[in-house]
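**Q** Contents of query07.pdb (PDB, C-alpha atoms and all ligand atoms):
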ATOM      1  CA  MET A   1      71.477  -9.819  -9.537
ATOM      2  CA  ALA A   2      72.805  -8.468 -12.813
ATOM      3  CA  ALA A   3      70.289  -7.474 -15.444
ATOM      4  CA  ARG A   4      72.425  -5.577 -17.907
ATOM      5  CA  SER A   5      70.785  -7.058 -20.962
ATOM      6  CA  VAL A   6      68.033  -4.511 -20.653
ATOM      7  CA  THR A   7      68.001  -0.756 -20.476
ATOM      8  CA  VAL A   8      64.841   0.799 -19.108
ATOM      9  CA  PHE A   9      64.219   4.230 -20.624
ATOM     10  CA  VAL A  10      61.819   6.310 -18.553
ATOM     11  CA  CYS A  11      60.088   9.359 -19.995
ATOM     12  CA  VAL A  12      60.453  12.128 -17.434
ATOM     13  CA  SER A  13      58.596  14.768 -19.443
ATOM     14  CA  CYS A  14      54.920  13.751 -19.385
ATOM     15  CA  ARG A  15      52.639  16.065 -17.481
ATOM     16  CA  ASP A  16      49.835  15.014 -15.190
ATOM     17  CA  ASP A  17      46.410  16.221 -16.383
ATOM     18  CA  GLY A  18      45.398  17.196 -12.887
ATOM     19  CA  ASP A  19      48.609  18.965 -11.919
ATOM     20  CA  ALA A  20      50.724  20.601 -14.615
ATOM     21  CA  ASP A  21      53.757  20.621 -12.333
ATOM     22  CA  ALA A  22      53.600  16.898 -11.600
ATOM     23  CA  ARG A  23      55.814  14.744 -13.774
ATOM     24  CA  PRO A  24      54.668  11.144 -13.360
ATOM     25  CA  GLY A  25      57.676   9.725 -15.177
ATOM     26  CA  ALA A  26      60.163  11.665 -13.090
ATOM     27  CA  LEU A  27      58.482  10.361  -9.955
ATOM     28  CA  LEU A  28      58.442   6.854 -11.390
ATOM     29  CA  LEU A  29      62.150   7.119 -12.180
ATOM     30  CA  ASP A  30      62.960   8.033  -8.578
ATOM     31  CA  ALA A  31      60.754   5.244  -7.239
ATOM     32  CA  LEU A  32      62.248   2.730  -9.660
ATOM     33  CA  ARG A  33      65.817   3.572  -8.710
ATOM     34  CA  ALA A  34      64.998   3.411  -5.016
ATOM     35  CA  ARG A  35      63.299   0.025  -5.366
ATOM     36  CA  LEU A  36      66.155  -1.390  -7.440
ATOM     37  CA  ASP A  37      68.515  -0.355  -4.649
ATOM     38  CA  GLU A  38      66.260  -1.970  -2.042
ATOM     39  CA  ARG A  39      66.122  -5.195  -4.036
ATOM     40  CA  ASN A  40      69.860  -5.032  -4.787
ATOM     41  CA  ILE A  41      69.268  -5.267  -8.532
ATOM     42  CA  ASP A  42      71.785  -3.865 -10.989
ATOM     43  CA  MET A  43      69.726  -2.613 -13.934
ATOM     44  CA  ALA A  44      70.425   0.144 -16.444
ATOM     45  CA  VAL A  45      67.845   2.916 -16.112
ATOM     46  CA  GLU A  46      67.976   6.063 -18.226
ATOM     47  CA  PRO A  47      65.735   9.139 -18.236
ATOM     48  CA  VAL A  48      64.555  10.350 -21.643
ATOM     49  CA  GLU A  49      62.593  13.409 -22.687
ATOM     50  CA  CYS A  50      59.737  11.838 -24.633
ATOM     51  CA  LEU A  51      58.725   8.422 -25.913
ATOM     52  CA  ALA A  52      55.839   9.844 -27.976
ATOM     53  CA  VAL A  53      53.185   8.242 -25.782
ATOM     54  CA  CYS A  54      52.371  11.452 -23.985
ATOM     55  CA  LYS A  55      48.731  10.563 -23.276
ATOM     56  CA  ARG A  56      49.606   7.424 -21.293
ATOM     57  CA  PRO A  57      52.039   8.395 -18.533
ATOM     58  CA  ALA A  58      54.118   7.113 -17.032
ATOM     59  CA  THR A  59      55.828   5.542 -20.008
ATOM     60  CA  VAL A  60      58.937   3.405 -20.330
ATOM     61  CA  ALA A  61      60.765   1.457 -23.023
ATOM     62  CA  PHE A  62      62.717  -1.779 -22.683
ATOM     63  CA  ALA A  63      65.643  -2.018 -25.094
ATOM     64  CA  GLY A  64      68.633  -4.276 -25.532
ATOM     65  CA  ALA A  65      71.156  -5.095 -28.235
ATOM     66  CA  GLY A  66      69.687  -7.497 -30.765
ATOM     67  CA  LYS A  67      66.280  -7.401 -29.080
ATOM     68  CA  TRP A  68      62.821  -6.181 -29.889
ATOM     69  CA  THR A  69      62.087  -2.900 -28.114
ATOM     70  CA  TYR A  70      58.871  -2.597 -26.112
ATOM     71  CA  VAL A  71      57.138   0.650 -25.163
ATOM     72  CA  ILE A  72      54.837   0.397 -22.158
ATOM     73  CA  GLY A  73      52.516   3.061 -20.783
ATOM     74  CA  ASP A  74      49.954   3.627 -18.015
ATOM     75  CA  LEU A  75      52.469   2.884 -15.278
ATOM     76  CA  ASP A  76      51.795   4.035 -11.747
ATOM     77  CA  ARG A  77      54.731   4.499  -9.432
ATOM     78  CA  GLY A  78      52.711   3.348  -6.475
ATOM     79  CA  ALA A  79      51.184   0.233  -7.985
ATOM     80  CA  HIS A  80      53.612  -0.981 -10.613
ATOM     81  CA  ILE A  81      57.233  -0.613  -9.491
ATOM     82  CA  ASP A  82      57.790  -4.258  -8.619
ATOM     83  CA  GLU A  83      55.850  -5.425 -11.676
ATOM     84  CA  LEU A  84      57.917  -3.073 -13.813
ATOM     85  CA  ILE A  85      61.140  -4.504 -12.428
ATOM     86  CA  ASP A  86      59.881  -8.054 -12.912
ATOM     87  CA  SER A  87      58.890  -7.192 -16.488
ATOM     88  CA  ALA A  88      62.311  -5.761 -17.238
ATOM     89  CA  GLN A  89      63.970  -8.837 -15.766
ATOM     90  CA  SER A  90      61.811 -11.087 -17.952
ATOM     91  CA  PHE A  91      62.871  -9.016 -20.952
ATOM     92  CA  ALA A  92      66.518  -9.212 -19.909
ATOM     93  CA  ALA A  93      66.307 -12.988 -19.680
ATOM     94  CA  THR A  94      65.272 -13.390 -23.323
ATOM     95  CA  ASP A  95      67.566 -13.679 -26.308
ATOM     96  CA  ASN A  96      65.382 -11.606 -28.613
ATOM     97  CA  GLY A  97      63.333  -9.411 -26.265
ATOM     98  CA  ILE A  98      60.053 -11.215 -26.850
ATOM     99  CA  VAL A  99      58.583 -12.091 -23.467
ATOM    100  CA  ALA A 100      56.052 -14.918 -23.350
ATOM    101  CA  TRP A 101      52.577 -13.771 -22.338
ATOM    102  CA  LYS A 102      52.626 -15.964 -19.246
ATOM    103  CA  ASP A 103      55.826 -14.273 -18.092
ATOM    104  CA  ARG A 104      54.408 -10.764 -18.324
ATOM    105  CA  PRO A 105      53.164  -9.056 -15.184
ATOM    106  CA  GLU A 106      49.804  -7.299 -15.541
ATOM    107  CA  CYS A 107      51.262  -3.855 -16.188
ATOM    108  CA  PHE A 108      53.223  -5.319 -19.097
ATOM    109  CA  LYS A 109      50.192  -7.108 -20.529
ATOM    110  CA  LYS A 110      47.896  -4.098 -20.258
ATOM    111  CA  GLY A 111      50.337  -1.300 -20.949
ATOM    112  CA  VAL A 112      52.105  -2.376 -24.121
ATOM    113  CA  VAL A 113      51.952   0.416 -26.678
ATOM    114  CA  SER A 114      54.258  -0.983 -29.328
ATOM    115  CA  ARG A 115      57.134  -3.249 -30.073
ATOM    116  CA  THR A 116      59.835  -2.645 -32.659
ATOM    117  CA  PRO A 117      62.187  -5.238 -34.099
ATOM    118  CA  PRO A 118      65.936  -5.057 -33.690
ATOM    119  CA  LEU A 119      68.094  -3.906 -36.557
ATOM    120  CA  PRO A 120      69.025  -6.785 -38.861
TER     121      PRO A 120
HETATM  122  S1  LIG B   1      56.282  13.541 -22.810
HETATM  123 FE1  LIG B   1      56.300  11.499 -22.011
HETATM  124  S2  LIG B   1      55.920  10.239 -23.724
HETATM  125 FE2  LIG B   1      55.900  12.266 -24.510
END
Here is the file; what I need is its structure written in the form of structure tokens.
Ligand code: FES

**A**
Amino acid sequence: MAARSVTVFVCVSCRDDGDADARPGALLLDALRARLDERNIDMAVEPVECLAVCKRPATVAFAGAGKWTYVIGDLDRGAHIDELIDSAQSFAATDNGIVAWKDRPECFKKGVVSRTPPLP
């Protein structure tokens, strides 16, 4: 299934409070890519250094041309990978990036940090 109308940016820089060497976003990135392969989903995923939500790892952003951009935090690679993929697919399916509340998995509802409008 193609889902090219979204790019998922994953912060790979956040540190884990309990283990300074652990990088929750880097682990989430690996888990996300593996799960996309398993589900045979073609989705753009890009690592980034910081999304300025450093206290709420793991953090991602959904972006697409002409769409609102959402930043989502508090993602757990064990609990949220499928919800994250479903969220990104819901975003991809919109024209403007705004996903109806009923179409948001729990991690999307609870983790939203911000949304930013597209350039005019
Ligand atoms: S280091 Fe991950 S959001 Fe800042």

**Q** Check the smallest atom-to-atom distance from each of A:Cys11, A:Leu84, A:Ala34, A:Leu119 to ligand LIG 1 (chain B) using only C-alpha atoms and all ligand atoms, then report the winner.

**A**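 Checking each candidate against ligand LIG 1 (chain B), we get A:Cys11 as the closest.
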
**Q** Identify, counting all atoms listed in the file, the protein, DNA and RNA residues located within 9 Å of ligand LIG 1 (chain B), and give them as an NGL selection string.

**A** :A and (10-15 or 23-25 or 48-60 or 73)

**Q** Tell me which of A:Asp37, A:Asp82, A:Asp95, A:Asp103 sits closest to A:Ala65, counting only C-alpha atoms.

**A**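 Comparing A:Asp37, A:Asp82, A:Asp95, A:Asp103 against A:Ala65, the winner is A:Asp95.
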
**Q** Go through A:Val112, A:Ala92, A:Ala20, A:Val45 and flag the residue nearest A:Lys67, using all atoms listed in the file for the distances.

**A**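 With all atoms listed in the file as the atom set, the closest residue is A:Ala92.
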
**Q** Quick one: pull the distance between atom CA of A:Ala26 and atom CA of A:Asp76, Å, one decimal.

**A**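 Computed distance, atom CA of A:Ala26 to atom CA of A:Asp76, equals 11.4 Å.
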
**Q** Using only C-alpha atoms, which residue out of A:Pro105, A:Arg39, A:Ser5, A:Asp21 lies closest to A:Phe91?

**A**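 The shortest atom-to-atom distance to A:Phe91 comes from A:Ser5.
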
**Q** Please measure the separation of atom CA of A:Ile98 and atom CA of A:Asp30, giving the value in Å to one decimal.

**A**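 These atoms are spaced 26.7 Å apart.
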
**Q** Can you work out the spacing between atom CA of A:Ala79 and atom CA of A:Phe62 in Å, to one decimal?

**A** 18.8 Å

**Q** Convert the output of the PyMOL selection byres (((chain A and resi 109) around 12) and not hetatm) on the shown file into explicit residues, formatted as JSON, numbers by chain.

**A** {"A": [70, 71, 72, 73, 74, 75, 83, 84, 87, 99, 100, 101, 102, 103, 104, 105, 106, 107, 108, 110, 111, 112, 113, 114]}

**Q** Which is closest to A:Thr94 among A:Gly18, A:Pro120, A:Gly66, A:Pro47, if we use all atoms listed in the file?

**A**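 Using all atoms listed in the file, A:Thr94 sits closest to A:Gly66.
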
**Q** Can you save stretch 7-91 of chain A of the given block to a file, including C-alpha atoms and formatted as a CSV table (one decimal), in the first residue's frame?

**A**
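Result file follows (selection_39.csv):
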chain,number,residue,atom,x,y,z
A,7,THR,CA,6.7,11.7,5.7
A,8,VAL,CA,7.3,10.5,9.2
A,9,PHE,CA,10.3,12.3,10.8
A,10,VAL,CA,11.7,10.4,13.8
A,11,CYS,CA,13.9,12.1,16.3
A,12,VAL,CA,16.8,9.8,16.9
A,13,SER,CA,18.6,12.0,19.4
A,14,CYS,CA,16.5,12.0,22.6
A,15,ARG,CA,18.1,10.3,25.6
A,16,ASP,CA,16.4,8.0,28.0
A,17,ASP,CA,16.4,9.3,31.6
A,18,GLY,CA,17.3,5.9,33.0
A,19,ASP,CA,20.0,5.0,30.5
A,20,ALA,CA,22.0,7.8,28.9
A,21,ASP,CA,23.2,5.5,26.1
A,22,ALA,CA,19.6,4.5,25.1
A,23,ARG,CA,18.1,6.4,22.3
A,24,PRO,CA,14.4,5.8,22.3
A,25,GLY,CA,13.8,7.4,18.9
A,26,ALA,CA,16.6,5.4,17.2
A,27,LEU,CA,15.1,2.2,18.6
A,28,LEU,CA,11.6,3.4,17.5
A,29,LEU,CA,13.0,4.1,14.0
A,30,ASP,CA,14.3,0.6,13.6
A,31,ALA,CA,11.1,-0.9,14.9
A,32,LEU,CA,9.0,1.3,12.6
A,33,ARG,CA,11.0,0.3,9.5
A,34,ALA,CA,10.9,-3.3,10.4
A,35,ARG,CA,7.1,-3.2,11.0
A,36,LEU,CA,6.5,-1.3,7.7
A,37,ASP,CA,8.4,-4.1,5.9
A,38,GLU,CA,6.4,-6.8,7.7
A,39,ARG,CA,3.1,-5.0,6.7
A,40,ASN,CA,4.4,-4.3,3.2
A,41,ILE,CA,3.7,-0.6,3.5
A,42,ASP,CA,5.6,1.9,1.5
A,43,MET,CA,6.0,5.0,3.7
A,44,ALA,CA,8.6,7.7,3.8
A,45,VAL,CA,10.5,7.6,7.1
A,46,GLU,CA,13.4,10.0,7.9
A,47,PRO,CA,15.6,10.3,11.0
A,48,VAL,CA,16.1,13.8,12.3
A,49,GLU,CA,18.3,15.1,15.1
A,50,CYS,CA,15.8,17.0,17.2
A,51,LEU,CA,12.2,18.0,17.1
A,52,ALA,CA,12.5,20.2,20.2
A,53,VAL,CA,10.3,17.9,22.3
A,54,CYS,CA,13.2,16.4,24.1
A,55,LYS,CA,11.3,15.7,27.3
A,56,ARG,CA,8.7,13.4,25.6
A,57,PRO,CA,10.6,10.7,23.7
A,58,ALA,CA,10.1,9.1,21.4
A,59,THR,CA,9.0,11.9,19.2
A,60,VAL,CA,7.9,12.0,15.6
A,61,ALA,CA,6.4,14.5,13.1
A,62,PHE,CA,4.0,13.9,10.3
A,63,ALA,CA,4.5,16.2,7.3
A,64,GLY,CA,3.2,16.4,3.8
A,65,ALA,CA,3.1,19.0,1.0
A,66,GLY,CA,0.1,21.4,1.6
A,67,LYS,CA,-0.7,19.8,4.9
A,68,TRP,CA,-0.7,20.7,8.5
A,69,THR,CA,2.3,19.2,10.3
A,70,TYR,CA,1.8,17.3,13.5
A,71,VAL,CA,4.4,16.6,16.2
A,72,ILE,CA,3.6,13.7,18.5
A,73,GLY,CA,5.5,12.5,21.5
A,74,ASP,CA,5.5,9.9,24.3
A,75,LEU,CA,5.7,7.0,21.8
A,76,ASP,CA,6.9,3.6,22.9
A,77,ARG,CA,8.4,1.3,20.3
A,78,GLY,CA,6.9,-1.7,22.0
A,79,ALA,CA,3.3,-0.4,22.4
A,80,HIS,CA,2.8,2.1,19.7
A,81,ILE,CA,4.3,0.9,16.4
A,82,ASP,CA,1.1,-0.2,14.8
A,83,GLU,CA,-0.8,2.7,16.1
A,84,LEU,CA,1.9,5.0,14.8
A,85,ILE,CA,1.6,3.5,11.3
A,86,ASP,CA,-2.2,3.7,11.4
A,87,SER,CA,-1.9,7.3,12.5
A,88,ALA,CA,0.5,8.1,9.7
A,89,GLN,CA,-1.8,6.4,7.2
A,90,SER,CA,-4.8,8.4,8.5
A,91,PHE,CA,-2.7,11.6,8.0
